[in-house]
>>> print(open('query-v1.cif').read())   # mmCIF, C-alpha atoms
data_upload
loop_
_atom_site.group_PDB
_atom_site.id
_atom_site.type_symbol
_atom_site.label_atom_id
_atom_site.label_comp_id
_atom_site.auth_asym_id
_atom_site.auth_seq_id
_atom_site.Cartn_x
_atom_site.Cartn_y
_atom_site.Cartn_z
ATOM 1 C CA MET A 5 106.430 37.931 -80.555
ATOM 2 C CA ASN A 6 104.017 40.316 -82.261
ATOM 3 C CA VAL A 7 105.593 41.788 -85.381
ATOM 4 C CA SER A 8 103.450 44.242 -87.319
ATOM 5 C CA ILE A 9 105.905 46.236 -89.382
ATOM 6 C CA ALA A 10 106.651 47.049 -92.974
ATOM 7 C CA PRO A 11 110.039 46.172 -94.502
ATOM 8 C CA PRO A 12 112.525 48.975 -93.758
ATOM 9 C CA ALA A 13 113.952 51.057 -96.553
ATOM 10 C CA ALA A 14 117.361 51.475 -94.907
ATOM 11 C CA ALA A 15 120.461 49.890 -96.428
ATOM 12 C CA PRO A 16 121.698 46.606 -94.916
ATOM 13 C CA GLU A 17 123.910 46.772 -91.868
ATOM 14 C CA PRO A 18 127.645 46.141 -92.457
ATOM 15 C CA ASP A 19 127.369 42.798 -90.639
ATOM 16 C CA ALA A 20 124.581 41.475 -92.903
ATOM 17 C CA GLY A 21 125.038 37.877 -93.990
ATOM 18 C CA PRO A 22 126.052 37.759 -97.688
ATOM 19 C CA ASP A 23 129.552 38.670 -98.811
ATOM 20 C CA ASP A 24 130.297 41.093 -101.640
ATOM 21 C CA ARG A 25 129.466 38.398 -104.217
ATOM 22 C CA GLY A 26 126.078 37.697 -102.654
ATOM 23 C CA ARG A 27 127.117 34.361 -101.194
ATOM 24 C CA ARG A 28 126.121 33.468 -97.664
ATOM 25 C CA VAL A 29 128.973 33.318 -95.159
ATOM 26 C CA ARG A 30 128.909 30.521 -92.587
ATOM 27 C CA ARG A 31 129.790 31.752 -89.101
ATOM 28 C CA PHE A 32 130.116 29.938 -85.792
ATOM 29 C CA TYR A 33 128.661 31.166 -82.511
ATOM 30 C CA LYS A 34 127.933 29.875 -79.016
ATOM 31 C CA ALA A 35 124.825 30.356 -76.897
ATOM 32 C CA TYR A 36 122.962 28.326 -74.267
ATOM 33 C CA GLY A 37 125.856 25.890 -74.049
ATOM 34 C CA LEU A 38 125.521 25.029 -77.752
ATOM 35 C CA THR A 39 127.606 25.640 -80.876
ATOM 36 C CA ILE A 40 125.652 27.324 -83.664
ATOM 37 C CA SER A 41 126.619 27.409 -87.333
ATOM 38 C CA SER A 42 124.707 30.207 -89.048
ATOM 39 C CA GLU A 43 124.342 31.735 -92.515
ATOM 40 C CA VAL A 44 122.554 34.643 -90.852
ATOM 41 C CA ALA A 45 124.999 37.086 -89.256
ATOM 42 C CA LEU A 46 124.314 37.139 -85.509
ATOM 43 C CA PRO A 47 126.770 39.576 -83.910
ATOM 44 C CA GLU A 48 124.579 39.523 -80.799
ATOM 45 C CA LEU A 49 126.042 36.092 -80.018
ATOM 46 C CA GLN A 50 129.527 35.249 -78.831
ATOM 47 C CA PRO A 51 131.874 33.884 -81.519
ATOM 48 C CA GLY A 52 132.450 30.141 -81.508
ATOM 49 C CA VAL A 53 135.100 27.758 -82.801
ATOM 50 C CA PRO A 54 134.371 25.981 -86.102
ATOM 51 C CA THR A 55 133.351 22.424 -85.236
ATOM 52 C CA VAL A 56 130.447 20.036 -85.693
ATOM 53 C CA PRO A 57 127.557 22.309 -84.641
ATOM 54 C CA ASP A 58 124.656 21.501 -82.351
ATOM 55 C CA ILE A 59 122.406 23.841 -84.356
ATOM 56 C CA VAL A 60 122.576 24.758 -88.048
ATOM 57 C CA ILE A 61 120.925 27.948 -89.333
ATOM 58 C CA ALA A 62 120.632 28.027 -93.138
ATOM 59 C CA VAL A 63 119.088 30.544 -95.533
ATOM 60 C CA GLY A 64 116.891 29.220 -98.326
ATOM 61 C CA PRO A 65 113.308 28.588 -99.462
ATOM 62 C CA VAL A 66 110.829 27.175 -96.936
ATOM 63 C CA ASP A 67 107.729 25.442 -98.289
ATOM 64 C CA PHE A 68 105.143 27.162 -96.120
ATOM 65 C CA PRO A 69 102.645 29.839 -97.206
ATOM 66 C CA ARG A 70 103.592 33.271 -95.921
ATOM 67 C CA PRO A 71 100.664 35.330 -94.554
ATOM 68 C CA ALA A 72 99.139 37.520 -97.230
ATOM 69 C CA THR A 73 97.849 40.267 -94.955
ATOM 70 C CA GLU A 74 100.156 43.056 -93.787
ATOM 71 C CA GLY A 75 101.514 42.231 -90.349
ATOM 72 C CA GLY A 76 100.020 38.735 -90.503
ATOM 73 C CA THR A 77 101.424 35.638 -88.815
ATOM 74 C CA ALA A 78 101.064 31.913 -89.422
ATOM 75 C CA PHE A 79 102.324 29.022 -87.294
ATOM 76 C CA ARG A 80 102.198 25.235 -87.618
ATOM 77 C CA PHE A 81 103.515 22.762 -85.066
ATOM 78 C CA GLU A 82 104.363 19.125 -85.767
ATOM 79 C CA PRO A 83 106.259 16.660 -83.537
ATOM 80 C CA THR A 84 109.599 17.217 -85.331
ATOM 81 C CA ARG A 85 108.934 20.321 -87.464
ATOM 82 C CA GLN A 86 107.654 23.762 -86.528
ATOM 83 C CA TYR A 87 106.831 26.553 -88.964
ATOM 84 C CA LEU A 88 106.727 30.212 -87.931
ATOM 85 C CA SER A 89 105.994 32.905 -90.483
ATOM 86 C CA TRP A 90 105.768 36.673 -90.131
ATOM 87 C CA GLN A 91 104.600 38.474 -93.263
ATOM 88 C CA ALA A 92 106.873 41.439 -92.556
ATOM 89 C CA VAL A 93 110.022 39.442 -91.781
ATOM 90 C CA GLY A 94 110.066 35.924 -93.220
ATOM 91 C CA THR A 95 109.423 32.244 -92.609
ATOM 92 C CA PHE A 96 111.353 29.949 -90.263
ATOM 93 C CA LEU A 97 111.353 26.155 -90.178
ATOM 94 C CA ILE A 98 112.653 24.335 -87.074
ATOM 95 C CA SER A 99 113.408 20.684 -87.745
ATOM 96 C CA ASP A 100 114.652 17.847 -85.544
ATOM 97 C CA ALA A 101 115.558 20.304 -82.749
ATOM 98 C CA ALA A 102 118.848 20.916 -84.563
ATOM 99 C CA ARG A 103 118.200 22.987 -87.684
ATOM 100 C CA ILE A 104 116.554 26.307 -88.552
ATOM 101 C CA ASP A 105 115.843 27.190 -92.186
ATOM 102 C CA VAL A 106 115.288 30.897 -92.807
ATOM 103 C CA ASP A 107 113.363 32.260 -95.798
ATOM 104 C CA PRO A 108 113.576 36.080 -95.576
ATOM 105 C CA ALA A 109 110.825 38.341 -96.864
ATOM 106 C CA GLN A 110 111.888 40.562 -99.753
ATOM 107 C CA GLY A 111 114.168 43.402 -98.673
ATOM 108 C CA ILE A 112 114.743 42.074 -95.145
ATOM 109 C CA ASP A 113 118.342 42.040 -93.938
ATOM 110 C CA ASP A 114 120.050 40.044 -91.207
ATOM 111 C CA PRO A 115 119.641 42.487 -88.278
ATOM 112 C CA LEU A 116 115.849 42.317 -88.622
ATOM 113 C CA LEU A 117 115.893 38.545 -89.232
ATOM 114 C CA ALA A 118 117.785 38.158 -85.963
ATOM 115 C CA PHE A 119 114.939 39.772 -84.034
ATOM 116 C CA PRO A 120 112.577 36.739 -84.220
ATOM 117 C CA LEU A 121 115.411 34.271 -84.810
ATOM 118 C CA LEU A 122 117.025 34.915 -81.408
ATOM 119 C CA GLY A 123 113.635 35.218 -79.719
ATOM 120 C CA PRO A 124 110.675 32.924 -80.393
ATOM 121 C CA VAL A 125 112.374 30.771 -83.053
ATOM 122 C CA LEU A 126 115.397 29.844 -80.944
ATOM 123 C CA ALA A 127 113.174 29.539 -77.858
ATOM 124 C CA LEU A 128 111.044 26.899 -79.574
ATOM 125 C CA LEU A 129 114.120 25.011 -80.779
ATOM 126 C CA LEU A 130 115.473 24.923 -77.220
ATOM 127 C CA HIS A 131 112.055 23.752 -76.048
ATOM 128 C CA GLN A 132 112.256 20.935 -78.599
ATOM 129 C CA ARG A 133 115.595 19.982 -77.019
ATOM 130 C CA ARG A 134 113.664 19.312 -73.785
ATOM 131 C CA LEU A 135 114.815 22.428 -71.951
ATOM 132 C CA LEU A 136 112.285 24.455 -69.972
ATOM 133 C CA ILE A 137 112.091 27.909 -71.554
ATOM 134 C CA LEU A 138 110.747 30.951 -69.729
ATOM 135 C CA HIS A 139 109.944 34.366 -71.169
ATOM 136 C CA ALA A 140 112.077 36.125 -68.591
ATOM 137 C CA SER A 141 115.482 37.589 -67.732
ATOM 138 C CA ALA A 142 118.088 36.054 -65.429
ATOM 139 C CA ILE A 143 121.014 37.430 -63.438
ATOM 140 C CA ALA A 144 123.903 35.609 -61.719
ATOM 141 C CA VAL A 145 124.479 36.804 -58.152
ATOM 142 C CA GLY A 146 127.388 35.304 -56.251
ATOM 143 C CA GLY A 147 127.144 31.741 -57.504
ATOM 144 C CA GLN A 148 123.350 31.644 -57.635
ATOM 145 C CA SER A 149 120.770 33.314 -59.809
ATOM 146 C CA ALA A 150 117.557 35.304 -59.938
ATOM 147 C CA ILE A 151 114.919 34.971 -62.653
ATOM 148 C CA PHE A 152 112.599 37.910 -63.412
ATOM 149 C CA MET A 153 109.211 37.080 -64.939
ATOM 150 C CA GLY A 154 106.257 39.363 -65.523
ATOM 151 C CA ASP A 155 103.785 40.827 -67.946
ATOM 152 C CA LYS A 156 104.897 43.165 -70.697
ATOM 153 C CA GLY A 157 106.078 46.422 -69.162
ATOM 154 C CA ALA A 158 106.644 44.914 -65.713
ATOM 155 C CA GLY A 159 110.349 45.788 -65.898
ATOM 156 C CA LYS A 160 112.118 42.447 -66.386
ATOM 157 C CA SER A 161 114.997 43.795 -68.493
ATOM 158 C CA THR A 162 115.089 47.059 -66.544
ATOM 159 C CA THR A 163 115.495 45.213 -63.246
ATOM 160 C CA ALA A 164 118.144 42.987 -64.821
ATOM 161 C CA GLY A 165 119.959 46.091 -66.056
ATOM 162 C CA ALA A 166 119.892 47.644 -62.599
ATOM 163 C CA MET A 167 121.347 44.425 -61.166
ATOM 164 C CA ILE A 168 124.158 44.543 -63.751
ATOM 165 C CA ARG A 169 124.901 48.144 -62.805
ATOM 166 C CA ALA A 170 125.152 46.972 -59.191
ATOM 167 C CA GLY A 171 127.931 44.571 -60.184
ATOM 168 C CA HIS A 172 126.068 41.345 -60.945
ATOM 169 C CA LEU A 173 126.229 39.361 -64.189
ATOM 170 C CA LEU A 174 123.696 38.855 -66.955
ATOM 171 C CA LEU A 175 122.831 35.250 -67.707
ATOM 172 C CA THR A 176 120.200 35.847 -70.361
ATOM 173 C CA ASP A 177 117.534 38.338 -71.403
ATOM 174 C CA ASP A 178 114.114 37.492 -72.865
ATOM 175 C CA VAL A 179 114.755 33.741 -73.285
ATOM 176 C CA VAL A 180 115.695 31.815 -70.112
ATOM 177 C CA ALA A 181 116.682 28.175 -70.742
ATOM 178 C CA LEU A 182 116.687 25.832 -67.749
ATOM 179 C CA ASP A 183 118.346 22.428 -67.709
ATOM 180 C CA LEU A 184 116.467 20.217 -65.248
ATOM 181 C CA SER A 185 118.718 17.178 -65.644
ATOM 182 C CA ASN A 186 120.710 18.148 -62.539
ATOM 183 C CA PRO A 187 119.094 16.096 -59.724
ATOM 184 C CA SER A 188 119.598 18.768 -57.073
ATOM 185 C CA ARG A 189 119.166 22.211 -58.679
ATOM 186 C CA PRO A 190 117.851 23.418 -62.050
ATOM 187 C CA MET A 191 120.636 25.158 -63.979
ATOM 188 C CA ILE A 192 120.220 28.338 -66.024
ATOM 189 C CA LEU A 193 122.197 28.147 -69.262
ATOM 190 C CA PRO A 194 124.018 31.337 -70.308
ATOM 191 C CA GLY A 195 122.441 32.958 -73.364
ATOM 192 C CA PHE A 196 124.352 35.843 -74.889
ATOM 193 C CA PRO A 197 125.569 39.244 -73.627
ATOM 194 C CA GLN A 198 122.715 41.448 -74.793
ATOM 195 C CA LEU A 199 120.019 43.361 -72.952
ATOM 196 C CA LYS A 200 117.062 45.099 -74.609
ATOM 197 C CA LEU A 201 116.117 48.360 -72.933
ATOM 198 C CA ALA A 202 113.651 51.135 -73.650
ATOM 199 C CA ALA A 203 115.198 54.586 -73.986
ATOM 200 C CA ASP A 204 113.966 55.871 -70.618
ATOM 201 C CA ALA A 205 115.253 52.778 -68.806
ATOM 202 C CA ALA A 206 118.624 53.001 -70.547
ATOM 203 C CA ASP A 207 118.937 56.680 -69.603
ATOM 204 C CA ALA A 208 118.069 55.965 -65.975
ATOM 205 C CA ILE A 209 120.276 52.892 -65.522
ATOM 206 C CA ARG A 210 123.239 53.836 -67.749
ATOM 207 C CA ILE A 211 125.054 50.501 -67.896
ATOM 208 C CA GLY A 212 128.746 51.062 -68.512
ATOM 209 C CA HIS A 213 130.771 49.170 -71.114
ATOM 210 C CA ALA A 214 127.793 48.426 -73.372
ATOM 211 C CA GLU A 215 127.569 48.910 -77.138
ATOM 212 C CA VAL A 216 124.180 50.209 -78.253
ATOM 213 C CA ARG A 217 123.442 48.541 -81.590
ATOM 214 C CA PRO A 218 121.556 50.344 -84.380
ATOM 215 C CA GLN A 219 117.777 50.200 -84.153
ATOM 216 C CA VAL A 220 116.586 47.340 -86.375
ATOM 217 C CA HIS A 221 113.264 49.022 -87.202
ATOM 218 C CA PRO A 222 111.553 52.289 -86.168
ATOM 219 C CA GLN A 223 108.589 50.393 -84.696
ATOM 220 C CA ILE A 224 110.776 48.264 -82.403
ATOM 221 C CA GLU A 225 111.056 50.439 -79.319
ATOM 222 C CA LYS A 226 113.777 48.735 -77.296
ATOM 223 C CA ALA A 227 117.425 49.167 -78.217
ATOM 224 C CA GLN A 228 119.934 46.311 -78.094
ATOM 225 C CA HIS A 229 122.713 46.851 -75.553
ATOM 226 C CA ARG A 230 125.596 44.434 -76.126
ATOM 227 C CA LEU A 231 127.617 44.077 -72.937
ATOM 228 C CA GLN A 232 131.395 44.301 -73.151
ATOM 229 C CA ASP A 233 131.567 42.763 -69.680
ATOM 230 C CA GLY A 234 129.024 41.926 -67.001
ATOM 231 C CA PHE A 235 128.053 38.592 -68.594
ATOM 232 C CA SER A 236 128.237 35.117 -67.058
ATOM 233 C CA GLY A 237 129.472 32.523 -69.523
ATOM 234 C CA GLU A 238 128.817 29.650 -67.105
ATOM 235 C CA ALA A 239 125.613 27.874 -66.124
ATOM 236 C CA VAL A 240 124.382 28.906 -62.675
ATOM 237 C CA PRO A 241 121.953 27.159 -60.282
ATOM 238 C CA ALA A 242 118.512 28.742 -60.167
ATOM 239 C CA ALA A 243 117.913 30.161 -56.678
ATOM 240 C CA ARG A 244 114.839 32.366 -56.887
ATOM 241 C CA ILE A 245 112.098 33.294 -59.340
ATOM 242 C CA TYR A 246 110.536 36.729 -58.986
ATOM 243 C CA VAL A 247 107.199 37.635 -60.574
ATOM 244 C CA LEU A 248 107.409 41.378 -61.089
ATOM 245 C CA GLU A 249 104.540 43.744 -60.401
ATOM 246 C CA ARG A 250 104.389 47.509 -60.007
ATOM 247 C CA GLY A 251 103.851 48.743 -56.466
ATOM 248 C CA VAL A 252 104.260 51.700 -54.129
ATOM 249 C CA ARG A 253 107.297 50.175 -52.401
ATOM 250 C CA ALA A 254 109.802 47.382 -52.912
ATOM 251 C CA ALA A 255 108.441 44.210 -51.346
ATOM 252 C CA ILE A 256 108.915 40.448 -51.726
ATOM 253 C CA THR A 257 106.121 37.991 -50.895
ATOM 254 C CA PRO A 258 106.609 34.214 -51.266
ATOM 255 C CA LEU A 259 104.046 32.551 -53.507
ATOM 256 C CA PRO A 260 102.521 29.340 -52.133
ATOM 257 C CA GLY A 261 102.703 26.203 -54.224
ATOM 258 C CA ALA A 262 99.183 26.808 -55.515
ATOM 259 C CA GLY A 263 100.345 30.115 -56.997
ATOM 260 C CA ALA A 264 103.899 29.196 -57.996
ATOM 261 C CA LEU A 265 103.068 26.555 -60.605
ATOM 262 C CA PRO A 266 100.477 28.644 -62.503
ATOM 263 C CA ALA A 267 102.945 31.559 -62.609
ATOM 264 C CA ILE A 268 105.670 29.396 -64.155
ATOM 265 C CA ILE A 269 103.229 27.950 -66.694
ATOM 266 C CA LYS A 270 101.950 31.425 -67.579
ATOM 267 C CA PHE A 271 105.426 32.783 -68.296
ATOM 268 C CA SER A 272 106.844 29.696 -70.008
ATOM 269 C CA TYR A 273 107.736 30.635 -73.569
ATOM 270 C CA VAL A 274 105.772 27.911 -75.329
ATOM 271 C CA THR A 275 102.572 29.083 -73.618
ATOM 272 C CA ARG A 276 102.668 32.159 -75.856
ATOM 273 C CA PHE A 277 101.791 29.915 -78.810
ATOM 274 C CA GLY A 278 98.949 28.098 -77.064
ATOM 275 C CA ARG A 279 98.096 24.434 -76.754
ATOM 276 C CA GLN A 280 98.879 23.857 -80.456
ATOM 277 C CA ALA A 281 102.625 24.071 -79.746
ATOM 278 C CA LEU A 282 102.549 21.192 -77.252
ATOM 279 C CA VAL A 283 102.308 18.322 -79.716
ATOM 280 C CA GLY A 284 102.888 14.659 -78.918
ATOM 281 C CA ASP A 285 104.207 14.091 -75.397
ATOM 282 C CA PHE A 286 105.393 17.689 -75.007
ATOM 283 C CA ALA A 287 102.280 18.683 -73.033
ATOM 284 C CA SER A 288 102.925 16.185 -70.233
ATOM 285 C CA THR A 289 106.686 16.832 -70.307
ATOM 286 C CA HIS A 290 106.162 20.582 -70.116
ATOM 287 C CA LEU A 291 103.783 20.309 -67.161
ATOM 288 C CA SER A 292 106.199 18.003 -65.327
ATOM 289 C CA GLN A 293 109.087 20.411 -65.925
ATOM 290 C CA CYS A 294 107.089 23.398 -64.648
ATOM 291 C CA ALA A 295 106.045 21.446 -61.535
ATOM 292 C CA GLU A 296 109.626 20.358 -60.877
ATOM 293 C CA LEU A 297 110.881 23.929 -61.141
ATOM 294 C CA ALA A 298 108.153 25.177 -58.787
ATOM 295 C CA ALA A 299 109.095 22.476 -56.264
ATOM 296 C CA LYS A 300 112.847 23.122 -56.354
ATOM 297 C CA VAL A 301 113.085 26.913 -56.698
ATOM 298 C CA GLY A 302 111.328 29.477 -54.544
ATOM 299 C CA VAL A 303 108.844 31.652 -56.403
ATOM 300 C CA CYS A 304 108.056 35.117 -55.022
ATOM 301 C CA ARG A 305 106.050 38.156 -55.979
ATOM 302 C CA LEU A 306 108.365 41.175 -56.288
ATOM 303 C CA GLU A 307 106.792 44.599 -56.105
ATOM 304 C CA VAL A 308 108.962 47.124 -57.933
ATOM 305 C CA PRO A 309 108.346 50.763 -56.995
ATOM 306 C CA ALA A 310 106.903 52.904 -59.752
ATOM 307 C CA GLY A 311 109.477 55.338 -61.098
ATOM 308 C CA LEU A 312 112.871 54.425 -62.487
ATOM 309 C CA GLU A 313 114.600 56.578 -59.890
ATOM 310 C CA ARG A 314 113.596 53.990 -57.257
ATOM 311 C CA ILE A 315 114.775 50.843 -59.036
ATOM 312 C CA ASP A 316 117.750 50.502 -56.680
ATOM 313 C CA GLU A 317 115.317 49.850 -53.818
ATOM 314 C CA ALA A 318 114.294 46.638 -55.582
ATOM 315 C CA VAL A 319 117.954 45.767 -56.256
ATOM 316 C CA ALA A 320 118.853 46.044 -52.571
ATOM 317 C CA LEU A 321 115.873 43.922 -51.589
ATOM 318 C CA ILE A 322 116.754 41.210 -54.141
ATOM 319 C CA GLU A 323 120.358 41.111 -52.905
ATOM 320 C CA HIS A 324 119.201 40.751 -49.294
ATOM 321 C CA ASP A 325 116.671 38.046 -50.187
ATOM 322 C CA LEU A 326 119.216 35.983 -52.136
ATOM 323 C CA ALA A 327 121.818 36.309 -49.376
ATOM 324 C CA ALA A 328 119.291 35.175 -46.771
ATOM 325 C CA GLY A 329 118.297 32.231 -48.933
ATOM 326 C CA ALA A 330 121.920 31.199 -49.408
ATOM 327 C CA GLN A 331 122.505 31.242 -45.638
ATOM 328 C CA ALA A 332 119.373 29.157 -45.093
ATOM 329 C CA ARG A 333 120.670 26.466 -47.468
#
>>> encode(input="query-v1.cif", output="structure tokens")
Amino acid sequence: MNVSIAPPAAAPEPDAGPDDRGRRVRRFYKAYGLTISSEVALPELQPGVPTVPDIVIAVGPVDFPRPATEGGTAFRFEPTRQYLSWQAVGTFLISDAARIDVDPAQGIDDPLLAFPLLGPVLALLLHQRRLLILHASAIAVGGQSAIFMGDKGAGKSTTAGAMIRAGHLLLTDDVVALDLSNPSRPMILPGFPQLKLAADAADAIRIGHAEVRPQVHPQIEKAQHRLQDGFSGEAVPAARIYVLERGVRAAITPLPGAGALPAIIKFSYVTRFGRQALVGDFASTHLSQCAELAAKVGVCRLEVPAGLERIDEAVALIEHDLAAGAQAR
């Protein structure tokens, strides 16, 4: 995540973390099959039942130098501790794959803290829990699922939104967590019912029953759409991975094994941080996970027609491809 912003001058959102006496409120949420206890308000997530949490998010000092330059970043990766710091937002410490300590920059409120917290920070924690994490979106379609990967601007969230409008269910947006412990099929864990869409995509797709949350910062272009329905709360087998590209017509082309594995590695979340993030035995584990996914799930190139008015052509093609694959199995 590239964050190059100055702290906003707006007043905190009503759902910011501290109570009226300035004390942090502990809330419980659920995401990716885990219970999260958090001192940062995360209304993007589904509420959870108070219990012994799988993940604890606490607010307090983190002993790691924050970047001095405006918009600067600093990261450090150790086998059991990972430090991520954005000068404009704050510093995050992931420890033992079960705890995140958050040290906000001055004047930063919870809605802006949640932006990296529910993106790269949580993605790296899930990676530490030995899940395979992709920078992608995923949709549940009739008991199976489609994963959309691609470069920035390829239309991952837009395609997912068009699938939701067509009656399918969101599994997760931006961070796809795959559990490979199932011997037959990798399972996609449900994230939380939110989709990030640019204004033109939101106007073209017009997903019903979605709450558009306030913009967290003027320089963050996409708005958060929290779904009132249209979300799958259950893990779903991964059926197909689509690598999105812009084209003149909707078309699906299977990628051979020699192309499938590099595509999965390229769009795995940890790859965004480079080799430094794969400490200890994580490099070999990560490669094995990517190879297993490529072997068990078909990977295709999906050409999406240019122009939002033609997005339904891609939706129809995806539906047909998944139905044909289900019949073949």
>>> closest_residue(input="query-v1.cif", among="A:Glu215, A:Phe152, A:Val240, A:Val125", to="A:Val303", atoms="only C-alpha atoms")
A:Phe152
>>> residues_near_point(input="query-v1.cif", point="(105.4, 19.3, -62.6)", cutoff="12 Å", atoms="all atoms listed in the file", output="list in words")
Leu136, Leu184, Gly261, Ala264, Leu265, Pro266, Ile268, Ile269, Ala287, Ser288, Thr289, His290, Leu291, Ser292, Gln293, Cys294, Ala295, Glu296, Leu297, Ala298, Ala299 and Lys300 of chain A
>>> residues_around(input="query-v1.cif", residues="A:Ala72", least_positions_apart="2", cutoff="12 Å", atoms="all atoms listed in the file", output="PDB file with C-alpha atoms, in the frame of the given file")
ATOM      1  CA  PRO A  69     102.645  29.839 -97.206  1.00  0.00           C
ATOM      2  CA  ARG A  70     103.592  33.271 -95.921  1.00  0.00           C
ATOM      3  CA  GLU A  74     100.156  43.056 -93.787  1.00  0.00           C
ATOM      4  CA  GLY A  75     101.514  42.231 -90.349  1.00  0.00           C
ATOM      5  CA  GLY A  76     100.020  38.735 -90.503  1.00  0.00           C
ATOM      6  CA  THR A  77     101.424  35.638 -88.815  1.00  0.00           C
ATOM      7  CA  ALA A  78     101.064  31.913 -89.422  1.00  0.00           C
ATOM      8  CA  SER A  89     105.994  32.905 -90.483  1.00  0.00           C
ATOM      9  CA  TRP A  90     105.768  36.673 -90.131  1.00  0.00           C
ATOM     10  CA  GLN A  91     104.600  38.474 -93.263  1.00  0.00           C
ATOM     11  CA  ALA A  92     106.873  41.439 -92.556  1.00  0.00           C
ATOM     12  CA  GLY A  94     110.066  35.924 -93.220  1.00  0.00           C
ATOM     13  CA  ALA A 109     110.825  38.341 -96.864  1.00  0.00           C
TER      14      ALA A 109
END
>>> resolve_selection(input="query-v1.cif", expression="the PyMOL selection byres ((chain A and resi 315) around 12)", output="PyMOL selection string")
chain A and resi 159-167+169-170+205+208-209+250-255+306-314+316-322
>>> closest_residue(input="query-v1.cif", among="A:Glu249, A:Asp107, A:Asp233, A:Asp100", to="A:Leu174", atoms="all atoms listed in the file")
A:Asp233
>>> closest_residue(input="query-v1.cif", among="A:Ala243, A:Ile137, A:Leu259, A:Ala158", to="A:Thr275", atoms="only C-alpha atoms")
A:Ile137
>>> resolve_selection(input="query-v1.cif", expression="the PyMOL selection byres ((chain A and resi 145) around 10)", output="list in words")
Ala142, Ile143, Ala144, Gly146, Gly147, Gln148, Ser149, Ala150, Met167, Ile168, Gly171, His172, Leu173, Leu174, Leu175, Ser236, Val240, Ala243, Ile322, Glu323, Leu326 and Ala327 of chain A
>>> residues_around(input="query-v1.cif", residues="A:Gln280", least_positions_apart="3", cutoff="12 Å", atoms="all atoms listed in the file", output="number ranges by chain")
A: 79-83, 86-87, 274-277, 283-284, 286-287
>>> closest_residue(input="query-v1.cif", among="A:Val247, A:Leu199, A:Met153, A:Val44", to="A:Gln232", atoms="all atoms listed in the file")
A:Leu199
>>> closest_residue(input="query-v1.cif", among="A:Lys226, A:His221, A:Arg31, A:His139", to="A:Lys200", atoms="only C-alpha atoms")
A:Lys226
>>> closest_residue(input="query-v1.cif", among="A:Ile151, A:Ala102, A:Val66, A:Asp178", to="A:Ser41", atoms="only C-alpha atoms")
A:Ala102
>>> residues_near_point(input="query-v1.cif", point="(125.9, 42.9, -71.8)", cutoff="8 Å", atoms="all atoms listed in the file", output="PyMOL selection string")
chain A and resi 174+196-199+213-214+229-235
>>> atom_distance(input="query-v1.cif", atom1="atom CA of A:Gly37", atom2="atom CA of A:Pro54")
14.8 Å
>>> atom_distance(input="query-v1.cif", atom1="atom CA of A:Lys156", atom2="atom CA of A:Pro222")
19.2 Å
